[in-house]
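J.: One file: work01.tsv (TSV, C-alpha atoms and all ligand atoms).
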chain	number	residue	atom	x	y	z
C	649	MET	CA	205.59	41.89	-114.34
C	650	ARG	CA	205.68	39.38	-111.47
C	651	MET	CA	205.89	35.83	-112.80
C	652	ILE	CA	206.57	32.39	-111.33
C	653	ASN	CA	207.59	29.14	-112.95
C	654	ALA	CA	204.68	26.68	-113.33
C	655	THR	CA	206.96	23.67	-112.73
C	656	LEU	CA	207.82	24.99	-109.27
C	657	ILE	CA	204.12	25.41	-108.41
C	658	LYS	CA	203.38	21.88	-109.60
C	659	ALA	CA	206.19	20.53	-107.39
C	660	TYR	CA	204.77	22.40	-104.38
C	661	ALA	CA	201.29	21.01	-105.10
C	662	LYS	CA	202.68	17.48	-105.21
C	663	GLU	CA	204.40	18.02	-101.85
C	664	LEU	CA	201.06	19.09	-100.38
C	665	GLY	CA	199.31	15.96	-101.67
C	666	ILE	CA	197.19	17.71	-104.32
C	667	ASP	CA	196.50	15.16	-107.07
C	668	GLU	CA	196.91	17.45	-110.07
C	669	ILE	CA	197.14	21.13	-110.93
C	670	HIS	CA	197.07	23.02	-114.22
C	671	ILE	CA	197.19	26.70	-115.00
C	672	THR	CA	194.95	28.99	-117.02
C	673	SER	CA	194.56	32.72	-117.47
C	674	ALA	CA	192.08	34.86	-115.51
C	675	GLN	CA	190.14	35.78	-118.68
C	676	PRO	CA	186.34	35.53	-118.25
C	677	PHE	CA	184.60	32.32	-119.36
C	678	ALA	CA	182.13	33.95	-121.73
C	679	ASP	CA	181.17	30.71	-123.54
C	680	ALA	CA	180.31	29.02	-120.26
C	681	ALA	CA	178.16	31.99	-119.21
C	682	GLU	CA	176.29	31.80	-122.50
C	683	LYS	CA	175.62	28.05	-122.11
C	684	ILE	CA	174.38	28.41	-118.53
C	685	LEU	CA	172.07	31.23	-119.60
C	686	GLU	CA	170.74	29.18	-122.53
C	687	GLN	CA	169.94	26.30	-120.17
C	688	LYS	CA	168.36	28.65	-117.68
C	689	ASN	CA	166.17	30.16	-120.41
C	690	ALA	CA	165.23	26.66	-121.53
C	691	LYS	CA	164.06	26.11	-117.91
C	692	LEU	CA	166.38	23.15	-117.36
C	693	TYR	CA	167.21	24.21	-113.79
C	694	LEU	CA	165.03	23.58	-110.75
C	695	ASP	CA	163.07	26.54	-109.42
C	696	THR	CA	165.08	26.64	-106.16
C	697	GLU	CA	168.54	26.43	-107.74
C	698	HIS	CA	171.09	29.18	-107.20
C	699	TRP	CA	171.14	30.00	-110.93
C	700	GLN	CA	167.70	31.54	-110.57
C	701	LYS	CA	169.16	34.39	-108.49
C	702	ARG	CA	172.86	34.36	-109.27
C	703	ASN	CA	174.54	36.75	-111.71
C	704	ILE	CA	175.84	34.24	-114.29
C	705	GLU	CA	178.33	36.61	-115.91
C	706	LYS	CA	179.94	37.35	-112.55
C	707	PHE	CA	180.04	33.62	-111.72
C	708	CYS	CA	182.00	33.06	-114.96
C	709	ASN	CA	184.53	35.82	-114.28
C	710	VAL	CA	186.99	35.23	-111.41
C	711	GLN	CA	187.68	38.98	-111.27
C	712	SER	CA	184.25	39.36	-109.66
C	713	VAL	CA	185.59	37.62	-106.53
C	714	PHE	CA	189.25	38.66	-106.87
C	715	PRO	CA	189.59	41.85	-108.97
C	716	GLN	CA	193.39	41.70	-109.23
C	717	ALA	CA	193.33	38.14	-110.71
C	718	ARG	CA	196.00	37.39	-113.36
C	719	ALA	CA	196.15	33.58	-113.39
C	720	ILE	CA	194.15	30.62	-112.09
C	721	ILE	CA	195.70	27.49	-110.65
C	722	ALA	CA	193.10	24.75	-111.20
C	723	ALA	CA	193.32	21.68	-108.97
C	724	CYS	CA	191.65	18.30	-108.61
C	725	GLN	CA	191.54	15.71	-105.89
C	726	CYS	CA	190.42	12.10	-106.40
C	727	TYR	CA	187.84	10.68	-103.98
C	728	LEU	CA	187.60	7.08	-105.21
C	729	THR	CA	188.23	5.00	-102.08
C	730	ASP	CA	188.32	1.26	-101.52
C	731	GLU	CA	185.38	1.12	-99.08
C	732	LYS	CA	182.12	-0.83	-99.08
C	733	SER	CA	179.37	1.28	-100.65
C	734	ASP	CA	176.22	0.21	-98.74
C	735	LEU	CA	176.12	-0.57	-95.02
C	736	SER	CA	172.48	-1.79	-95.06
C	737	GLU	CA	171.58	-4.90	-93.06
C	738	PRO	CA	168.24	-6.64	-92.63
C	739	GLY	CA	166.35	-4.62	-90.02
C	740	ASN	CA	168.60	-1.58	-90.52
C	741	PRO	CA	167.98	-0.19	-94.03
C	742	HIS	CA	170.48	2.40	-95.23
C	743	GLY	CA	170.19	5.07	-97.92
C	744	LEU	CA	173.12	5.72	-100.26
C	745	ILE	CA	175.23	8.86	-100.14
C	746	ALA	CA	176.86	9.94	-103.43
C	747	ARG	CA	180.52	9.02	-103.34
C	748	TYR	CA	181.84	12.57	-103.71
C	749	THR	CA	180.45	13.52	-100.32
C	750	TRP	CA	181.38	10.48	-98.20
C	751	ARG	CA	183.89	12.97	-96.79
C	752	ASN	CA	184.43	16.69	-97.28
C	753	HIS	CA	187.09	16.67	-99.98
C	754	TYR	CA	186.23	20.27	-100.84
C	755	VAL	CA	187.36	21.66	-97.50
C	756	ASP	CA	190.44	19.44	-97.60
C	757	LEU	CA	191.39	20.70	-101.08
C	758	LYS	CA	190.72	24.33	-100.17
C	759	LYS	CA	193.04	24.02	-97.15
C	760	LYS	CA	195.75	22.55	-99.36
C	761	LEU	CA	195.31	25.35	-101.90
C	762	LYS	CA	195.71	27.96	-99.16
C	763	LYS	CA	198.95	26.25	-98.14
C	764	LEU	CA	200.02	26.33	-101.79
C	765	GLY	CA	199.40	30.09	-101.78
C	766	GLN	CA	201.60	30.43	-98.68
C	767	LEU	CA	204.42	28.44	-100.30
C	768	ILE	CA	204.29	30.62	-103.42
C	769	LYS	CA	204.38	33.70	-101.20
C	770	GLN	CA	207.70	32.55	-99.75
C	771	LYS	CA	209.16	32.85	-103.27
C	772	ILE	CA	207.41	35.89	-104.67
C	773	PRO	CA	205.01	38.59	-103.34
C	774	VAL	CA	201.53	37.31	-104.17
C	775	SER	CA	197.91	37.75	-103.14
C	776	TYR	CA	195.57	34.84	-103.68
C	777	TYR	CA	192.01	33.56	-103.31
C	778	ALA	CA	191.36	29.84	-102.71
C	779	SER	CA	188.08	28.05	-103.24
C	780	SER	CA	186.58	24.62	-103.79
C	781	ASN	CA	182.89	24.03	-104.52
C	782	GLY	CA	182.23	27.68	-105.42
C	783	PRO	CA	181.82	30.57	-105.84
C	784	VAL	CA	183.67	30.46	-109.19
C	785	ALA	CA	182.98	28.47	-112.39
C	786	GLU	CA	185.14	25.46	-111.53
C	787	LYS	CA	184.19	23.24	-114.46
C	788	PRO	CA	185.02	25.78	-117.21
C	789	ILE	CA	188.25	26.58	-115.32
C	790	ALA	CA	189.15	22.87	-115.17
C	791	GLN	CA	188.38	22.47	-118.88
C	792	ARG	CA	190.41	25.47	-120.09
C	793	SER	CA	193.37	24.61	-117.86
C	794	GLY	CA	193.51	21.01	-119.12
C	795	ILE	CA	192.60	19.38	-115.78
C	796	GLY	CA	190.01	17.48	-117.76
C	797	TYR	CA	187.39	17.46	-120.51
C	798	TYR	CA	183.60	17.58	-120.32
C	799	GLY	CA	181.93	14.17	-120.41
C	800	LYS	CA	178.53	13.98	-122.08
C	801	HIS	CA	177.11	13.79	-118.51
C	802	SER	CA	178.47	17.34	-118.09
C	803	ILE	CA	181.02	16.33	-115.44
C	804	ILE	CA	184.74	16.95	-115.88
C	805	ILE	CA	186.82	13.84	-116.65
C	806	ASN	CA	190.50	13.79	-115.73
C	807	GLN	CA	192.81	11.43	-117.64
C	808	SER	CA	194.23	9.80	-114.48
C	809	PHE	CA	191.30	9.96	-112.05
C	810	GLY	CA	188.28	9.89	-114.36
C	811	SER	CA	185.32	11.87	-113.09
C	812	TRP	CA	185.96	10.80	-109.46
C	813	ILE	CA	187.38	14.22	-108.64
C	814	VAL	CA	186.48	17.37	-106.78
C	815	LEU	CA	187.72	20.63	-108.25
C	816	GLY	CA	189.32	23.64	-106.63
C	817	THR	CA	191.01	26.87	-107.66
C	818	LEU	CA	193.71	29.20	-106.42
C	819	ILE	CA	193.39	32.58	-108.12
C	820	VAL	CA	196.57	34.66	-107.98
C	821	ASP	CA	197.64	38.21	-108.90
C	822	ILE	CA	200.85	37.06	-110.63
C	823	ASP	CA	201.45	35.70	-114.12
C	824	ILE	CA	202.07	31.99	-114.73
C	825	GLU	CA	202.58	30.30	-118.09
C	826	PRO	CA	199.17	28.70	-118.90
C	827	ASP	CA	198.58	25.05	-119.84
C	828	ARG	CA	196.43	24.04	-122.81
C	829	PRO	CA	192.98	22.44	-122.81
C	830	LEU	CA	192.91	18.70	-123.61
C	831	THR	CA	191.99	17.79	-127.15
C	832	ILE	CA	190.15	14.54	-126.30
C	833	ASP	CA	186.44	13.92	-125.75
C	834	CYS	CA	183.94	11.06	-125.26
C	835	GLY	CA	184.02	10.06	-128.92
C	836	ASN	CA	181.07	7.86	-129.93
C	837	CYS	CA	180.29	6.67	-126.40
C	838	GLN	CA	176.72	7.34	-125.23
C	839	LYS	CA	176.66	5.06	-122.17
C	840	CYS	CA	175.74	7.71	-119.58
C	841	ILE	CA	172.92	8.97	-121.81
C	842	GLU	CA	171.56	5.44	-122.25
C	843	MET	CA	171.94	4.36	-118.62
C	844	CYS	CA	170.59	7.44	-116.85
C	845	PRO	CA	167.46	6.00	-115.21
C	846	THR	CA	165.38	9.17	-115.68
C	847	LYS	CA	166.70	10.13	-119.15
C	848	ALA	CA	167.89	13.42	-117.64
C	849	ILE	CA	170.78	13.75	-120.13
C	850	ILE	CA	168.59	15.10	-122.92
C	851	ALA	CA	171.52	15.69	-125.32
C	852	PRO	CA	175.29	15.38	-125.00
C	853	TYR	CA	176.45	17.85	-122.29
C	854	ILE	CA	172.90	18.99	-121.48
C	855	ILE	CA	171.13	17.85	-118.31
C	856	ASP	CA	167.49	18.49	-117.58
C	857	ARG	CA	168.00	19.05	-113.87
C	858	ARG	CA	164.27	18.78	-113.25
C	859	ARG	CA	164.71	15.06	-114.03
C	860	CYS	CA	168.18	14.51	-112.49
C	861	ILE	CA	168.10	12.57	-109.20
C	862	GLN	CA	171.35	14.26	-108.10
C	863	ALA	CA	169.66	17.68	-108.35
C	864	LEU	CA	166.29	16.51	-107.06
C	865	THR	CA	167.76	15.15	-103.82
C	866	ASN	CA	168.24	18.84	-102.86
C	867	TRP	CA	164.80	20.00	-104.00
C	868	TYR	CA	161.68	19.72	-101.89
C	869	GLY	CA	158.40	18.69	-103.46
C	870	VAL	CA	156.57	15.58	-104.62
C	871	ILE	CA	158.83	13.62	-106.99
C	872	PRO	CA	156.98	12.68	-110.22
C	873	GLN	CA	155.91	9.01	-110.43
C	874	ASP	CA	158.17	8.05	-113.35
C	875	ILE	CA	161.21	9.35	-111.42
C	876	VAL	CA	160.27	8.03	-107.97
C	877	ARG	CA	159.92	4.54	-109.48
C	878	VAL	CA	163.60	4.49	-110.54
C	879	TRP	CA	165.04	6.46	-107.60
C	880	GLY	CA	166.36	3.37	-105.84
C	881	ASN	CA	167.84	3.44	-102.34
C	882	ARG	CA	169.41	6.90	-102.66
C	883	LEU	CA	169.43	9.28	-99.70
C	884	TYR	CA	171.62	11.96	-101.26
C	885	GLY	CA	172.91	12.39	-104.81
C	886	CYS	CA	173.25	10.01	-107.75
C	887	THR	CA	176.35	8.72	-109.55
C	888	ILE	CA	174.94	6.22	-112.05
C	889	CYS	CA	176.25	8.21	-115.04
C	890	GLN	CA	179.72	8.07	-113.47
C	891	ASP	CA	179.45	4.42	-112.40
C	892	VAL	CA	178.82	3.31	-115.99
C	893	CYS	CA	181.42	5.56	-117.64
C	894	PRO	CA	184.23	3.70	-119.44
C	895	ALA	CA	186.57	6.61	-118.70
C	896	ASN	CA	186.35	5.63	-115.01
C	897	GLU	CA	187.15	1.96	-115.49
C	898	HIS	CA	190.92	2.30	-115.12
C	899	VAL	CA	190.85	4.52	-112.01
C	900	GLU	CA	192.40	2.82	-108.99
C	901	SER	CA	190.69	3.23	-105.65
C	902	ARG	CA	192.81	4.09	-102.64
C	903	ALA	CA	192.64	4.69	-98.89
C	904	PRO	CA	190.82	7.93	-97.95
C	905	LYS	CA	193.08	11.00	-97.97
C	906	THR	CA	190.98	12.95	-95.46
C	907	ASN	CA	188.53	12.30	-92.67
C	908	LEU	CA	187.06	15.79	-92.64
C	909	GLY	CA	183.26	15.76	-92.53
C	910	THR	CA	183.06	11.97	-92.81
C	911	VAL	CA	179.52	10.62	-93.19
C	912	GLY	CA	180.43	7.42	-95.04
C	913	PRO	CA	178.78	5.58	-97.93
C	914	SER	CA	175.27	5.18	-96.50
C	915	LEU	CA	173.18	6.30	-93.54
C	916	PRO	CA	170.52	4.51	-91.45
C	917	LEU	CA	167.18	5.70	-92.79
C	918	LEU	CA	164.99	5.07	-89.75
C	919	LYS	CA	167.45	7.02	-87.63
C	920	ILE	CA	167.41	9.93	-90.10
C	921	LEU	CA	163.60	9.99	-89.95
C	922	SER	CA	163.66	10.04	-86.14
C	923	MET	CA	165.99	13.07	-85.99
C	924	GLU	CA	165.16	16.72	-85.47
C	925	GLU	CA	166.84	19.03	-88.00
C	926	LEU	CA	169.32	20.43	-85.47
C	927	GLU	CA	170.45	16.97	-84.39
C	928	TYR	CA	170.90	15.97	-88.05
C	929	ARG	CA	172.93	19.08	-88.85
C	930	LYS	CA	175.15	18.58	-85.79
C	931	LYS	CA	175.75	14.89	-86.33
C	932	TYR	CA	176.76	15.24	-89.99
C	933	SER	CA	178.33	18.70	-89.82
C	934	CYS	CA	181.06	19.85	-92.22
C	935	ASN	CA	179.58	17.84	-95.10
C	936	GLN	CA	177.54	18.84	-98.12
C	937	ILE	CA	174.53	16.86	-96.82
C	938	THR	CA	174.17	19.52	-94.09
C	939	ALA	CA	175.20	22.60	-96.14
C	940	ASN	CA	172.99	25.60	-95.35
C	941	TRP	CA	171.26	25.34	-98.74
C	942	ILE	CA	170.23	21.72	-98.12
C	943	ASP	CA	166.56	21.40	-97.27
C	944	PHE	CA	166.20	18.95	-94.36
C	945	ASN	CA	162.68	18.11	-95.53
C	946	ALA	CA	164.13	16.99	-98.87
C	947	ILE	CA	166.49	14.63	-97.01
C	948	ARG	CA	163.53	13.20	-95.04
C	949	ARG	CA	161.52	12.77	-98.23
C	950	ASN	CA	164.51	11.01	-99.87
C	951	ALA	CA	164.69	8.66	-96.87
C	952	ILE	CA	161.02	7.75	-97.35
C	953	ILE	CA	161.52	7.02	-101.07
C	954	ALA	CA	164.60	4.89	-100.33
C	955	LEU	CA	162.64	2.90	-97.70
C	956	GLY	CA	159.90	2.33	-100.28
C	957	HIS	CA	162.51	0.82	-102.60
C	958	ILE	CA	164.31	-1.28	-99.97
C	959	ARG	CA	161.01	-2.72	-98.67
C	960	ASP	CA	162.37	-3.87	-95.32
C	961	LYS	CA	159.24	-4.57	-93.26
C	962	VAL	CA	160.82	-2.90	-90.24
C	963	ALA	CA	160.01	0.46	-91.91
C	964	LEU	CA	156.34	-0.21	-92.59
C	965	PRO	CA	154.81	1.10	-89.30
C	966	LEU	CA	156.67	4.41	-89.65
C	967	LEU	CA	155.76	4.77	-93.32
C	968	GLN	CA	152.11	4.08	-92.51
C	969	LYS	CA	152.20	6.75	-89.82
C	970	LEU	CA	153.84	9.25	-92.22
C	971	SER	CA	151.12	8.52	-94.81
C	972	SER	CA	148.82	10.79	-92.82
C	973	ASP	CA	151.45	13.46	-92.05
C	974	ASN	CA	150.23	17.08	-92.08
C	975	ASP	CA	152.88	17.88	-94.69
C	976	ASP	CA	151.41	16.93	-98.05
C	977	VAL	CA	154.76	16.07	-99.67
C	978	MET	CA	155.71	13.70	-96.82
C	979	ALA	CA	152.25	12.13	-96.78
C	980	LYS	CA	152.08	11.54	-100.55
C	981	THR	CA	155.63	10.17	-100.65
C	982	ALA	CA	154.97	7.81	-97.73
C	983	GLN	CA	151.72	6.64	-99.39
C	984	TRP	CA	153.72	5.77	-102.51
C	985	ALA	CA	156.35	3.96	-100.38
C	986	CYS	CA	153.68	1.85	-98.61
C	987	THR	CA	152.09	0.92	-101.93
C	988	ASN	CA	155.48	-0.15	-103.26
C	989	PHE	CA	155.68	-2.84	-100.54
C	990	ASP	CA	152.84	-4.65	-102.35
C	991	ASN	CA	154.50	-4.53	-105.77
X	1001	LIG	S1	173.17	11.98	-111.74
X	1001	LIG	FE1	171.78	10.24	-112.05
X	1001	LIG	S2	169.85	11.12	-112.71
X	1001	LIG	FE2	171.43	12.72	-112.95
X	1001	LIG	S3	172.14	12.57	-115.03
X	1001	LIG	FE3	173.48	11.25	-113.83
X	1001	LIG	S4	172.52	9.21	-113.89
X	1001	LIG	FE4	171.00	10.70	-114.56
X	1002	LIG	S1	179.75	7.37	-120.32
X	1002	LIG	FE1	180.69	7.69	-122.31
X	1002	LIG	S2	179.64	9.50	-123.11
X	1002	LIG	FE2	179.25	9.45	-120.94
X	1002	LIG	S3	180.84	10.69	-120.03
X	1002	LIG	FE3	181.58	8.60	-120.00
X	1002	LIG	S4	182.77	8.41	-121.89
X	1002	LIG	FE4	181.49	10.23	-122.11
Please lay out the structure from this file as structure tokens.

T.:
Amino acid sequence: MRMINATLIKAYAKELGIDEIHITSAQPFADAAEKILEQKNAKLYLDTEHWQKRNIEKFCNVQSVFPQARAIIAACQCYLTDEKSDLSEPGNPHGLIARYTWRNHYVDLKKKLKKLGQLIKQKIPVSYYASSNGPVAEKPIAQRSGIGYYGKHSIIINQSFGSWIVLGTLIVDIDIEPDRPLTIDCGNCQKCIEMCPTKAIIAPYIIDRRRCIQALTNWYGVIPQDIVRVWGNRLYGCTICQDVCPANEHVESRAPKTNLGTVGPSLPLLKILSMEELEYRKKYSCNQITANWIDFNAIRRNAIIALGHIRDKVALPLLQKLSSDNDDVMAKTAQWACTNFDN
């Protein structure tokens, strides 16, 4: 049996600037598969989400991407930086970008995990598979390895960095002594459930993604009235349930650790609406806001909703023009935005 000491791997990870790593076995995550399936059957996912087509059992078994898997090194990287969060100015309204994608921390972490694999290889023959942001079940991996526990908002919370983390994994074909899951949870706190503006957290750990702004920013269609009214100035994603979480209060912000795929905290909405799709994808490349599964029309629609909330008069002529757009979703959304100027 080929085996390596976990302490050595943790020291390597530290050298590489990875915030935290824990180890778990390569056993399938059957419980997670069952929960995802239950939520899919309860129709809590959007019709365009990957779960509709994806094989859930395979997603929850790392051996489907790396058949010789024996252990999983789970990693997290904190993205809480000390930057201003909205660059709007009068006459130049901006839409907010969710904090986790101000930069591409996923690519940064995946690169570091590949380097970790190379360092391990210098000690012991090993094959490995690195990923961050898919295609494996990162949250169940993080939970079982002890990287963090599930918050009631269904996001993993790390004891040092709160939920301000991206997750990654290095799957290896050697044995490593596993860590244990954490034994803590949210206790009696319900803050994220109470503060979610759309009441998308329908029960602890269960999100109705058809009501979640984070999920809806990727989905194209007319946003229901009760949701559009509380959408705010968001262009991509939503972090309210994280912003209000007491488990995040102690986390210290720091200078950015990477500049890969930087888009920053907010983007100019009128500029976004003047762009062709290709220009948009080129300008903000290497970031989740231009991932191939992102619908550019959804981004444009989000920009219109955000302008309707900001109500800077500079946007009114464009919104009036878009009110008679040939695309029904754009037209209806722009009509709502114009009406909101009178409220
Ligand atoms: S991301 Fe926003 S809309 Fe979704 S559950 Fe959290 S607070 Fe609610
Ligand atoms: S707000 Fe409270 S209930 Fe929600 S994740 Fe944070 S600690 Fe848990």

J.: Hey, which residues come within 8 Å of ligand LIG 1001 (chain X) if we count all atoms listed in the file? Could you give them as a count of residues only?

T.: 24

J.: Please write out, as AutoDock Vina command-line options, where the centre of an axis-aligned box around all listed atoms of ligand LIG 1002 (chain X) lies and how long its edges are, in Å to one decimal, after adding 5 Å on each side.

T.:
--center_x 181.0 --center_y 9.0 --center_z -121.6 --size_x 13.5 --size_y 13.3 --size_z 13.1

J.: When you draw a straight line from atom CA of C:Ile789 to atom CA of C:Ala722, how long is it in Å?

T.: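 Result for atom CA of C:Ile789 versus atom CA of C:Ala722: 6.6 Å, one decimal.
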
J.: Give me, as a PyMOL selection string, the set of residues whose atoms come within 10 Å of any atom of ligand LIG 1002 (chain X), counting all atoms listed in the file.

T.: chain C and resi 797-805+810-811+833-844+849+852-853+888-897

J.: Could you tell me how far atom CA of C:Arg650 sits from atom CA of C:Val820, in Å to one decimal place?

T.: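 Separation of atom CA of C:Val820 and atom CA of C:Arg650: 10.8 Å.
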
J.: Grab the atom CA of C:Leu915 to atom CA of C:Ile958 distance for me, in Å with one decimal place.

T.: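 Going from atom CA of C:Leu915 over to atom CA of C:Ile958 covers 13.3 Å.
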
J.: With all atoms listed in the file as the basis for distance, which of C:Gly739, C:Gly665, C:Pro965, C:Pro826 is at the shortest distance from C:Ile652?

T.: C:Pro826
